[in-house]
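As stored in run-v7.cif (mmCIF, C-alpha atoms):
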```cif
data_input
#
loop_
_atom_site.label_atom_id
_atom_site.label_comp_id
_atom_site.auth_asym_id
_atom_site.auth_seq_id
_atom_site.Cartn_x
_atom_site.Cartn_y
_atom_site.Cartn_z
CA MET W 1 67.43 -38.19 -26.40
CA HIS W 2 64.72 -38.26 -29.00
CA TYR W 3 63.53 -41.61 -27.65
CA VAL W 4 63.48 -40.24 -24.12
CA SER W 5 61.26 -37.34 -25.08
CA GLN W 6 59.02 -39.81 -26.89
CA ILE W 7 58.33 -42.02 -23.87
CA LEU W 8 58.51 -39.30 -21.22
CA PRO W 9 54.82 -38.24 -21.48
CA SER W 10 53.61 -41.75 -20.71
CA LEU W 11 56.07 -42.05 -17.82
CA ILE W 12 54.90 -38.71 -16.44
CA SER W 13 51.29 -39.74 -16.62
CA GLY W 14 52.27 -42.95 -14.79
CA THR W 15 54.00 -40.81 -12.17
CA GLY W 16 50.70 -39.00 -11.69
CA MET W 17 49.02 -42.28 -10.74
CA THR W 18 51.91 -43.16 -8.42
CA LEU W 19 51.68 -39.78 -6.70
CA SER W 20 47.91 -39.98 -6.43
CA ILE W 21 48.12 -43.34 -4.61
CA PHE W 22 50.96 -41.97 -2.50
CA PHE W 23 49.25 -38.78 -1.34
CA TRP W 24 45.81 -40.21 -0.66
CA THR W 25 47.25 -43.12 1.29
CA LEU W 26 49.36 -40.75 3.37
CA ILE W 27 46.60 -38.21 3.99
CA ILE W 28 44.17 -40.85 5.20
CA SER W 29 46.50 -43.36 6.87
CA VAL W 30 48.40 -41.00 9.15
CA PRO W 31 45.35 -39.64 11.04
CA LEU W 32 43.82 -43.13 11.08
CA GLY W 33 47.13 -44.47 12.36
CA ILE W 34 47.02 -41.99 15.27
CA LEU W 35 43.49 -43.09 16.16
CA VAL W 36 44.27 -46.80 15.90
CA GLY W 37 47.51 -46.23 17.83
CA LEU W 38 45.50 -44.58 20.61
CA GLY W 39 43.14 -47.56 20.48
CA MET W 40 46.09 -49.88 21.10
CA ILE W 41 46.90 -48.27 24.44
CA THR W 42 43.38 -47.92 25.85
CA ARG W 43 42.40 -49.99 28.84
CA PHE W 44 39.38 -51.32 26.94
CA LYS W 45 40.74 -54.81 26.22
CA PRO W 46 38.29 -55.97 23.50
CA LEU W 47 39.29 -52.98 21.38
CA THR W 48 43.03 -53.59 21.74
CA TRP W 49 42.37 -57.24 20.90
CA VAL W 50 40.57 -56.43 17.65
CA ILE W 51 43.24 -53.90 16.70
CA ASN W 52 46.06 -56.31 17.43
CA ILE W 53 44.50 -58.92 15.14
CA TYR W 54 44.06 -56.32 12.42
CA VAL W 55 47.66 -55.15 12.73
CA TRP W 56 48.90 -58.72 12.75
CA LEU W 57 46.98 -59.51 9.53
CA MET W 58 48.16 -56.35 7.77
CA ARG W 59 51.80 -56.68 8.75
CA GLY W 60 51.83 -60.45 8.56
CA THR W 61 50.80 -60.83 4.93
CA PRO W 62 52.30 -59.29 1.80
CA LEU W 63 50.76 -56.06 0.58
CA LEU W 64 50.70 -57.65 -2.87
CA LEU W 65 48.46 -60.40 -1.55
CA GLN W 66 46.20 -57.84 0.13
CA LEU W 67 45.84 -55.94 -3.14
CA ILE W 68 44.91 -59.12 -5.01
CA PHE W 69 42.49 -60.08 -2.27
CA VAL W 70 40.71 -56.70 -2.28
CA PHE W 71 40.39 -56.49 -6.05
CA TYR W 72 39.81 -60.13 -7.03
CA GLY W 73 38.68 -61.68 -3.76
CA LEU W 74 36.16 -59.27 -2.28
CA PRO W 75 33.89 -59.30 -5.38
CA ILE W 76 33.15 -62.96 -4.53
CA ALA W 77 31.60 -61.61 -1.33
CA GLY W 78 29.71 -59.01 -3.35
CA ILE W 79 32.04 -56.09 -2.54
CA VAL W 80 33.22 -54.64 -5.83
CA PHE W 81 35.76 -51.84 -6.08
CA ASN W 82 37.07 -50.27 -9.24
CA ARG W 83 40.81 -50.69 -9.71
CA TYR W 84 41.82 -47.36 -8.25
CA ASP W 85 39.57 -47.61 -5.19
CA ALA W 86 40.69 -51.18 -4.57
CA ALA W 87 44.32 -50.06 -4.61
CA LEU W 88 43.66 -47.13 -2.26
CA PHE W 89 41.61 -49.30 0.09
CA ALA W 90 44.34 -51.92 0.35
CA PHE W 91 47.10 -49.34 0.78
CA ILE W 92 45.22 -47.40 3.45
CA LEU W 93 44.42 -50.56 5.42
CA ASN W 94 48.03 -51.71 5.19
CA TYR W 95 49.76 -48.42 5.97
CA THR W 96 47.37 -47.52 8.80
CA ALA W 97 48.53 -50.68 10.56
CA TYR W 98 52.20 -49.70 10.25
CA PHE W 99 51.53 -46.10 11.28
CA ALA W 100 49.44 -47.29 14.24
CA GLU W 101 52.36 -49.39 15.50
CA ILE W 102 54.69 -46.42 15.16
CA PHE W 103 52.31 -44.09 16.98
CA ARG W 104 51.72 -46.67 19.71
CA GLY W 105 55.45 -46.76 20.34
CA GLY W 106 55.60 -42.98 20.36
CA LEU W 107 52.66 -42.69 22.74
CA GLN W 108 54.20 -45.18 25.12
CA ALA W 109 57.47 -43.25 25.11
CA ILE W 110 55.79 -40.30 26.84
CA PRO W 111 56.50 -40.60 30.58
CA VAL W 112 53.51 -41.16 32.87
CA GLY W 113 54.69 -38.07 34.77
CA GLN W 114 53.69 -35.87 31.85
CA TYR W 115 50.09 -37.08 32.09
CA GLU W 116 50.12 -36.72 35.87
CA SER W 117 51.52 -33.25 35.71
CA ALA W 118 48.80 -32.30 33.20
CA ARG W 119 46.21 -33.89 35.45
CA VAL W 120 47.14 -31.93 38.58
CA LEU W 121 46.96 -28.79 36.43
CA ARG W 122 43.36 -29.82 35.70
CA LEU W 123 43.84 -30.19 31.96
CA THR W 124 41.27 -32.45 30.33
CA ASN W 125 42.39 -35.62 28.54
CA TRP W 126 41.79 -33.98 25.19
CA GLN W 127 43.79 -30.86 26.13
CA THR W 128 46.62 -33.05 27.41
CA LEU W 129 46.65 -35.04 24.19
CA ARG W 130 46.55 -32.00 21.94
CA LYS W 131 48.97 -29.68 23.72
CA ILE W 132 51.42 -32.05 25.37
CA VAL W 133 51.27 -35.62 24.13
CA ILE W 134 50.78 -35.29 20.35
CA PRO W 135 53.51 -32.64 19.83
CA GLN W 136 55.99 -34.84 21.70
CA VAL W 137 54.88 -38.00 19.90
CA VAL W 138 55.20 -36.34 16.48
CA LYS W 139 58.81 -35.50 17.20
CA ILE W 140 59.57 -39.03 18.40
CA VAL W 141 57.92 -40.83 15.48
CA LEU W 142 59.08 -38.59 12.65
CA PRO W 143 62.12 -40.69 11.63
CA SER W 144 60.08 -43.92 11.60
CA ILE W 145 57.22 -42.29 9.71
CA GLY W 146 59.82 -41.05 7.24
CA ASN W 147 60.91 -44.61 6.59
CA GLU W 148 57.36 -45.66 5.83
CA VAL W 149 56.81 -42.65 3.59
CA ILE W 150 59.81 -43.61 1.47
CA ASN W 151 58.59 -47.19 1.40
CA LEU W 152 55.18 -46.03 0.28
CA VAL W 153 56.61 -44.28 -2.78
CA LYS W 154 58.10 -47.57 -3.92
CA ASP W 155 55.31 -49.86 -2.67
CA SER W 156 52.86 -47.94 -4.84
CA SER W 157 54.39 -49.82 -7.79
CA LEU W 158 52.57 -52.94 -6.58
CA VAL W 159 49.33 -51.60 -8.06
CA TYR W 160 50.45 -52.99 -11.42
CA VAL W 161 49.01 -56.40 -10.42
CA ILE W 162 45.50 -55.04 -10.59
CA GLY W 163 46.15 -53.30 -13.88
CA LEU W 164 46.56 -49.69 -12.77
CA GLY W 165 48.75 -47.54 -14.99
CA ASP W 166 51.40 -46.29 -12.58
CA LEU W 167 54.99 -45.29 -13.24
CA LEU W 168 56.46 -48.78 -13.20
CA ARG W 169 53.79 -50.11 -15.52
CA ALA W 170 54.37 -47.25 -17.96
CA GLY W 171 58.05 -48.13 -18.05
CA ASN W 172 57.27 -51.80 -18.40
CA VAL W 173 55.00 -51.21 -21.38
CA ALA W 174 57.61 -49.13 -23.16
CA MET W 175 60.34 -51.66 -22.41
CA ALA W 176 58.32 -54.57 -23.79
CA ARG W 177 57.27 -52.61 -26.86
CA ASP W 178 60.65 -51.13 -27.79
CA VAL W 179 62.88 -53.91 -26.45
CA THR W 180 65.19 -51.55 -24.56
CA LEU W 181 66.13 -51.00 -20.94
CA VAL W 182 66.10 -47.20 -21.28
CA PRO W 183 62.51 -46.78 -20.00
CA MET W 184 63.36 -48.74 -16.86
CA LEU W 185 66.44 -46.59 -16.26
CA LEU W 186 64.23 -43.54 -16.50
CA VAL W 187 61.71 -45.10 -14.15
CA GLY W 188 64.53 -45.64 -11.66
CA VAL W 189 65.62 -42.02 -11.97
CA ILE W 190 62.06 -40.77 -11.41
CA TYR W 191 61.67 -42.92 -8.28
CA LEU W 192 64.99 -41.57 -7.03
CA LEU W 193 63.77 -38.02 -7.59
CA LEU W 194 60.51 -38.71 -5.77
CA THR W 195 62.25 -40.26 -2.76
CA ALA W 196 64.83 -37.46 -2.76
CA VAL W 197 62.02 -34.89 -2.45
CA CYS W 198 60.45 -36.92 0.38
CA THR W 199 63.80 -37.15 2.15
CA LEU W 200 64.29 -33.40 1.90
CA VAL W 201 60.81 -32.63 3.20
CA LEU W 202 61.30 -35.05 6.10
CA LYS W 203 64.67 -33.52 6.97
CA ARG W 204 63.03 -30.11 7.03
CA LEU W 205 60.28 -31.38 9.30
CA GLU W 206 62.78 -32.95 11.69
CA LYS W 207 64.69 -29.70 11.74
CA HIS W 208 61.49 -27.79 12.40
CA TYR W 209 60.93 -29.91 15.51
CA SER W 210 64.49 -29.56 16.76
CA TYR W 211 63.78 -26.31 18.62
CA TRP W 212 63.27 -28.37 21.78
CA ARG W 213 64.59 -31.64 23.12
CA MET X 214 42.86 -25.98 56.22
CA LEU X 215 43.30 -29.55 55.04
CA GLU X 216 42.28 -32.45 57.23
CA LEU X 217 42.81 -36.16 56.62
CA LYS X 218 40.74 -38.62 58.62
CA GLY X 219 41.60 -42.29 58.63
CA ILE X 220 43.14 -42.29 55.15
CA THR X 221 43.94 -45.82 54.07
CA LYS X 222 45.59 -46.94 50.87
CA LYS X 223 46.33 -50.47 49.72
CA PHE X 224 48.19 -51.79 46.71
CA ASP X 225 47.33 -55.38 45.77
CA GLY X 226 46.02 -56.05 49.27
CA LYS X 227 49.16 -54.65 50.90
CA THR X 228 48.37 -51.75 53.20
CA ILE X 229 50.66 -48.78 52.50
CA LEU X 230 48.81 -46.11 54.45
CA ASP X 231 46.92 -47.23 57.52
CA GLN X 232 44.40 -44.82 59.06
CA VAL X 233 46.44 -41.65 58.58
CA ASP X 234 45.05 -38.62 60.43
CA LEU X 235 46.53 -35.20 60.00
CA THR X 236 45.69 -31.52 59.86
CA VAL X 237 47.51 -28.82 57.95
CA ASN X 238 46.58 -25.30 58.98
CA ASP X 239 46.46 -22.47 56.48
CA GLY X 240 49.82 -20.90 55.80
CA GLN X 241 51.72 -23.67 57.54
CA ILE X 242 54.28 -26.16 56.33
CA LEU X 243 53.86 -29.84 56.96
CA THR X 244 56.81 -32.08 56.20
CA ILE X 245 56.35 -35.79 55.73
CA VAL X 246 59.50 -37.77 56.49
CA GLY X 247 60.42 -41.40 56.73
CA PRO X 248 62.54 -44.06 55.05
CA SER X 249 61.93 -45.00 51.44
CA GLY X 250 59.07 -47.41 50.97
CA ALA X 251 57.21 -46.01 53.96
CA GLY X 252 54.50 -44.44 51.82
CA LYS X 253 55.49 -40.75 51.92
CA THR X 254 55.04 -40.26 48.21
CA THR X 255 51.91 -42.40 48.20
CA LEU X 256 50.38 -40.12 50.82
CA LEU X 257 51.26 -37.09 48.72
CA ARG X 258 49.78 -38.74 45.62
CA CYS X 259 46.55 -39.41 47.51
CA ILE X 260 46.36 -35.80 48.70
CA SER X 261 46.98 -34.49 45.19
CA GLY X 262 44.41 -36.84 43.69
CA LEU X 263 46.76 -39.02 41.67
CA GLU X 264 45.76 -42.10 43.65
CA MET X 265 42.33 -43.16 44.88
CA VAL X 266 42.18 -43.93 48.58
CA ASP X 267 40.66 -47.14 49.91
CA GLY X 268 39.24 -45.55 53.02
CA GLY X 269 39.01 -42.36 55.01
CA GLN X 270 38.00 -38.80 54.31
CA PHE X 271 39.54 -35.53 53.15
CA LEU X 272 38.22 -32.18 54.37
CA LEU X 273 39.24 -28.90 52.77
CA ASP X 274 38.20 -25.92 54.91
CA GLY X 275 35.75 -28.20 56.67
CA GLN X 276 34.14 -29.40 53.43
CA ALA X 277 34.46 -33.05 52.46
CA PHE X 278 36.19 -33.47 49.13
CA ASP X 279 37.74 -36.21 47.06
CA PRO X 280 41.02 -35.05 45.49
CA ALA X 281 40.85 -37.76 42.82
CA THR X 282 37.56 -36.55 41.36
CA ASN X 283 37.39 -32.92 42.49
CA ARG X 284 37.24 -30.52 39.53
CA ASP X 285 36.49 -27.35 41.47
CA ASN X 286 38.94 -24.70 40.28
CA ASP X 287 38.78 -22.99 43.68
CA ALA X 288 40.19 -26.10 45.34
CA VAL X 289 43.27 -26.83 43.27
CA ILE X 290 46.10 -28.75 44.87
CA GLY X 291 49.39 -27.84 43.25
CA VAL X 292 52.16 -30.39 42.85
CA VAL X 293 55.88 -29.94 42.27
CA PHE X 294 57.14 -33.32 41.12
CA GLN X 295 60.49 -34.78 42.06
CA ASP X 296 61.59 -34.67 38.42
CA PHE X 297 59.55 -31.49 37.78
CA GLN X 298 57.76 -32.86 34.69
CA LEU X 299 57.84 -29.61 32.77
CA PHE X 300 56.43 -29.94 29.27
CA PRO X 301 59.55 -30.11 27.05
CA ASN X 302 57.74 -28.94 23.91
CA LEU X 303 56.66 -25.66 25.51
CA THR X 304 58.67 -22.63 26.59
CA VAL X 305 58.84 -21.63 30.24
CA LEU X 306 56.10 -19.05 29.71
CA GLN X 307 53.91 -21.49 27.78
CA ASN X 308 54.37 -24.08 30.54
CA VAL X 309 53.07 -21.56 33.05
CA VAL X 310 50.14 -20.07 31.09
CA LEU X 311 48.84 -23.36 29.60
CA ALA X 312 46.53 -24.34 32.45
CA PRO X 313 45.41 -20.81 33.44
CA THR X 314 44.25 -20.16 29.86
CA MET X 315 42.81 -23.60 29.11
CA VAL X 316 41.39 -24.48 32.51
CA LEU X 317 40.73 -21.18 34.29
CA LYS X 318 39.78 -19.60 30.93
CA LYS X 319 41.92 -16.54 31.53
CA SER X 320 42.67 -14.31 28.57
CA ALA X 321 46.11 -14.87 27.08
CA ALA X 322 47.15 -11.36 28.06
CA ASP X 323 46.06 -11.69 31.70
CA ALA X 324 47.64 -15.10 32.06
CA GLU X 325 50.90 -13.90 30.57
CA LYS X 326 51.01 -10.82 32.77
CA GLU X 327 50.50 -12.89 35.87
CA ALA X 328 52.98 -15.55 34.73
CA ARG X 329 55.67 -12.97 34.08
CA ALA X 330 55.13 -11.45 37.53
CA LEU X 331 55.40 -14.88 39.16
CA LEU X 332 58.53 -15.75 37.15
CA GLU X 333 60.03 -12.46 38.22
CA ARG X 334 59.31 -13.24 41.86
CA LEU X 335 61.21 -16.51 41.64
CA ASN X 336 64.17 -14.97 39.81
CA LEU X 337 63.24 -16.40 36.44
CA GLY X 338 62.67 -13.07 34.76
CA GLY X 339 64.91 -13.63 31.77
CA LYS X 340 63.95 -17.25 31.22
CA ALA X 341 60.40 -16.93 29.92
CA ASP X 342 61.21 -17.80 26.33
CA LEU X 343 63.64 -20.65 26.98
CA TYR X 344 62.73 -24.32 26.67
CA PRO X 345 63.06 -26.61 29.69
CA TYR X 346 66.17 -28.34 28.29
CA GLU X 347 67.97 -24.99 28.44
CA LEU X 348 67.46 -24.65 32.20
CA SER X 349 69.43 -25.94 35.17
CA GLY X 350 67.81 -28.27 37.68
CA GLY X 351 67.14 -25.48 40.15
CA GLN X 352 65.60 -23.30 37.46
CA LYS X 353 63.40 -26.16 36.28
CA GLN X 354 62.17 -26.63 39.80
CA ARG X 355 61.32 -22.96 40.16
CA VAL X 356 59.42 -23.07 36.87
CA ALA X 357 57.51 -26.07 38.21
CA ILE X 358 56.67 -24.06 41.33
CA VAL X 359 55.54 -21.06 39.25
CA ARG X 360 53.46 -23.32 37.03
CA ALA X 361 51.69 -24.73 40.08
CA LEU X 362 51.22 -21.28 41.67
CA ALA X 363 49.64 -19.90 38.50
CA MET X 364 46.62 -22.13 39.21
CA HIS X 365 46.12 -20.40 42.60
CA PRO X 366 46.28 -23.63 44.56
CA LYS X 367 44.85 -23.99 48.05
CA LEU X 368 47.81 -26.10 48.87
CA LEU X 369 51.19 -26.75 47.30
CA CYS X 370 52.79 -30.19 47.52
CA TYR X 371 56.44 -31.02 46.87
CA ASP X 372 57.76 -34.52 46.29
CA GLU X 373 61.41 -34.76 47.40
CA PRO X 374 62.29 -31.19 46.37
CA THR X 375 65.96 -31.54 47.28
CA SER X 376 66.74 -34.93 45.77
CA ALA X 377 67.33 -33.84 42.18
CA LEU X 378 69.42 -30.82 43.15
CA ASP X 379 73.02 -30.13 44.06
CA PRO X 380 73.53 -29.86 47.84
CA ASP X 381 74.21 -26.12 47.66
CA LEU X 382 70.84 -25.57 46.02
CA ARG X 383 69.09 -27.00 49.06
CA ARG X 384 69.20 -23.64 50.80
CA GLU X 385 67.65 -22.01 47.76
CA VAL X 386 64.62 -24.33 47.85
CA GLU X 387 64.37 -23.77 51.55
CA GLU X 388 64.26 -20.01 51.03
CA ILE X 389 61.60 -20.29 48.33
CA ILE X 390 59.40 -22.47 50.50
CA LEU X 391 59.76 -20.10 53.44
CA LYS X 392 59.11 -17.11 51.20
CA LEU X 393 55.88 -18.69 49.94
CA LYS X 394 54.95 -19.39 53.53
CA ARG X 395 55.31 -15.71 54.40
CA GLU X 396 52.94 -15.01 51.52
CA GLY X 397 50.42 -17.32 53.12
CA MET X 398 50.81 -20.50 51.03
CA THR X 399 49.97 -23.76 52.72
CA GLN X 400 52.60 -26.35 51.82
CA ILE X 401 53.25 -30.05 52.22
CA VAL X 402 56.79 -31.30 51.64
CA VAL X 403 57.73 -34.95 51.32
CA THR X 404 61.42 -35.52 51.95
CA HIS X 405 63.88 -38.04 53.31
CA ASP X 406 66.20 -35.18 54.22
CA ILE X 407 65.56 -34.74 57.96
CA PRO X 408 67.67 -31.59 58.57
CA PHE X 409 65.95 -29.91 55.62
CA ALA X 410 62.55 -30.99 56.90
CA GLU X 411 63.32 -29.72 60.39
CA SER X 412 64.44 -26.32 59.16
CA ILE X 413 61.20 -25.59 57.30
CA ALA X 414 58.54 -27.51 59.20
CA ASP X 415 55.79 -26.17 61.40
CA GLN X 416 54.71 -29.74 61.77
CA MET X 417 56.40 -33.02 60.95
CA LEU X 418 54.75 -36.32 60.15
CA ARG X 419 56.87 -39.45 60.37
CA VAL X 420 55.67 -42.40 58.38
CA GLU X 421 57.06 -45.86 59.06
CA PRO X 422 56.99 -48.84 56.73
CA LYS X 423 54.26 -51.36 57.48
CA GLU X 424 55.20 -54.97 58.12
#
```
How does this structure look as structure tokens?
Amino acid sequence: MHYVSQILPSLISGTGMTLSIFFWTLIISVPLGILVGLGMITRFKPLTWVINIYVWLMRGTPLLLQLIFVFYGLPIAGIVFNRYDAALFAFILNYTAYFAEIFRGGLQAIPVGQYESARVLRLTNWQTLRKIVIPQVVKIVLPSIGNEVINLVKDSSLVYVIGLGDLLRAGNVAMARDVTLVPMLLVGVIYLLLTAVCTLVLKRLEKHYSYWR
Amino acid sequence: MLELKGITKKFDGKTILDQVDLTVNDGQILTIVGPSGAGKTTLLRCISGLEMVDGGQFLLDGQAFDPATNRDNDAVIGVVFQDFQLFPNLTVLQNVVLAPTMVLKKSAADAEKEARALLERLNLGGKADLYPYELSGGQKQRVAIVRALAMHPKLLCYDEPTSALDPDLRREVEEIILKLKREGMTQIVVTHDIPFAESIADQMLRVEPKE
């Protein structure tokens, strides 16, 4: 118990880094994902083409590789990020692609009749999107978004490759120093707590949207 | 009064509507009948502006207009879809007031007052706060009618209003359509149900499939 209280501060500070990556990625990637998802269903072919290549690259290569590329590769081209910004940049690019795919699916699940019925009521495209399409899409995509959110909590541990001090790294340091598995057990418990909170929040959200079907 | 002159519509080079002429007088009911694939629904979609025509002219009260691009709020053409297409995320009342507030820029209070009166008239008084999934087919259809009426349309179009309903509800739709007629609404009804069409029509248009 004494040992636990000794290493806990460093684990908690690592958790702060993990949460910071988590929240910023989520806050930026979800709206971007909606925009890119909309871009995927426009009739403007060159745009859908560019987006499809982007999504293919992001989903087709490991996030770990993307992190390494952004932090160690881009400086060769003169684009230098500090560690934290590099991590955020890679995570946002990667997660936006996944979210975009999810939103595209959700957008395509809305029957054409809904758009037509909005059109004969003279609603503008923007009004239709805001009042009719987006609320329905949000409900449809919530379970899939939830999956990605849980993944993001755990994926954030990949930032260790570029030397950021997140939760997993904090545990790793303690384990190597003290030659014991206890820090890693604690790390596991903290991840479980974080994902449990996410799961609860997502359940609540799904429940909130269950007032209609 | 709505007039169609030489309306032609093609899909991929195949002519669906060929030089259709027709006139619907104010306060009258036109029924469009014919076998499936004859272009009944296509004609209705052209009139309501959901399809662009390839030729011909529309006149509303003697004025040329293009339903597909017309944004004049005094020349709205209301549509009651076959599957109603209510907005599932909104209550009955919200479905009805959405367009009057956002498009006609009515105040929320005015729009609600009018919506409640319309709902009352179509026996939907107690349903204002329900969601579409809580309604029966007939109720959904009446909400769709109210939603269209709230935009003060010049003309109200129905696509197969009896097809999604139980046979005993057919009379109910018939009564609503005739009631709206007495109130002066001009209506166009697409249906494959000939007896139904005959019992409500002032004028019937038969469309035949093209070879």
Which residue is closest to Gln136 in chain W? Choose from X:Val356, X:Pro301, X:Val233, X:Gly247 and count only C-alpha atoms.
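Once distances to Gln136 in chain W are computed over only C-alpha atoms, the minimum belongs to X:Pro301.
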Quick one: which residues from chain X are at most 10 Å off chain W, using all atoms listed in the file, as a PyMOL selection string?
chain X and resi 258+261-263+280-281+283-286+289-304+308+311-313+315-317+343-347+357+360-361+363-364+366
- Task: Go through the shown structure with the PyMOL selection byres ((chain W and resi 160) around 10) and write out the matching residues as a PyMOL selection string.
- Result: chain W and resi 64+67+87+156-159+161-170+172
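Running the PyMOL selection byres ((chain X and resi 250-257) around 7) on this file leaves X:Ile229, X:Leu230, X:Ile245, X:Val246, X:Gly247, X:Pro248, X:Ser249, X:Arg258, X:Cys259, X:Ile260, X:Ser261, X:Asp372, X:Val403, X:Val420, X:Glu421, X:Pro422 selected.
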Open item on the list: Just the number, please: distance in Å from CA of Ile134 in chain W to CA of Gly339 in chain X, one decimal.
Closed with: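 Between these atoms lies a distance of 28.3 Å.
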Who sits within 12 Å of Ser376 in chain X, only C-alpha atoms, same chain under 5 positions skipped, as a ChimeraX atom specification
/X:294-297,350-351,354,371,381-383,386,403-406,409
key: Neighbour list for Ile190 in chain W as a PyMOL selection string, cut-off 10 Å, only C-alpha atoms, skip fewer than 2 positions in-chain   = chain W and resi 11-12+15+167-168+184-188+192-196
Need the neighbours of (50.2, -15.2, 35.9): which residues are at most 9 Å away, counting only C-alpha atoms, as a ChimeraX atom specification?
/X:309-310,313,323-332,359-360,362-364
Of X:Asn238, X:Gln400, X:Thr282, X:Ser320, the one nearest to Ile358 in chain X when counting only C-alpha atoms is X:Gln400
Report task. Starting from the displayed file, determine the output of the PyMOL selection byres ((chain W and resi 86) around 10) and express the residue list as a VMD selection string. Result -> chain W and resid 66 to 72 74 80 to 85 87 to 92 159 162
* To do: Report the distance between CA of Asn52 in chain W and CA of Asn147 in chain W in Å, rounded to one decimal place.
  =>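 Spanning CA of Asn52 in chain W to CA of Asn147 in chain W is a straight-line distance of 21.8 Å.
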In Å and to one decimal, CA of Glu396 in chain X is distant from CA of Gln270 in chain X by 28.2 Å
Notebook entry, point to check: Near Glu101 in chain W, within 9 Å and counting all atoms listed in the file, which residues show up once chain neighbours fewer than 4 positions away are dropped, as a list in words?
Noted result: Gly33, Val36, Gly37, Met40, Val55, Thr96, Ala97, Gly105 and Gly106 of chain W
| request: Choose the residue, out of W:Trp49, W:Tyr3, W:Tyr191, W:Tyr54, that has the smallest atom-to-atom separation from Asp155 in chain W; count only C-alpha atoms. | output: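 The shortest atom-to-atom distance to Asp155 in chain W comes from W:Tyr191.
Nearest-residue note for Ala410 in chain X: choosing from X:Thr314, X:Ile242, X:Gly226, X:Ala277, the minimum distance belongs to X:Ile242, counting all atoms listed in the file.
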Could you add whatever atoms are missing so that range 362-366 of chain X carries all heavy atoms, then write the result as a compact mmCIF listing (two decimals), in the frame of the given file?
```txt
# COMPACT_ATOMS: atom_id res chain seq x y z
N LEU X 362 51.80 -22.47 41.03
CA LEU X 362 51.22 -21.28 41.67
C LEU X 362 50.24 -20.55 40.76
O LEU X 362 49.28 -19.95 41.23
CB LEU X 362 52.34 -20.31 42.09
CG LEU X 362 53.21 -20.73 43.27
CD1 LEU X 362 54.34 -19.72 43.47
CD2 LEU X 362 52.37 -20.85 44.54
N ALA X 363 50.48 -20.62 39.45
CA ALA X 363 49.64 -19.90 38.50
C ALA X 363 48.19 -20.40 38.53
O ALA X 363 47.29 -19.74 38.04
CB ALA X 363 50.21 -20.01 37.09
N MET X 364 47.99 -21.59 39.10
CA MET X 364 46.62 -22.13 39.21
C MET X 364 45.97 -21.73 40.53
O MET X 364 44.90 -22.21 40.87
CB MET X 364 46.65 -23.65 39.09
CG MET X 364 46.89 -24.17 37.68
SD MET X 364 45.60 -23.66 36.53
CE MET X 364 44.29 -24.79 36.98
N HIS X 365 46.62 -20.85 41.30
CA HIS X 365 46.12 -20.40 42.60
C HIS X 365 45.70 -21.56 43.49
O HIS X 365 44.54 -21.66 43.90
CB HIS X 365 44.93 -19.43 42.42
CG HIS X 365 45.30 -18.25 41.59
ND1 HIS X 365 46.16 -17.28 42.04
CD2 HIS X 365 44.95 -17.89 40.33
CE1 HIS X 365 46.32 -16.37 41.09
NE2 HIS X 365 45.60 -16.72 40.04
N PRO X 366 46.65 -22.44 43.78
CA PRO X 366 46.28 -23.63 44.56
C PRO X 366 45.97 -23.27 46.01
O PRO X 366 46.47 -22.28 46.54
CB PRO X 366 47.52 -24.51 44.47
CG PRO X 366 48.65 -23.55 44.25
CD PRO X 366 48.09 -22.43 43.45
```
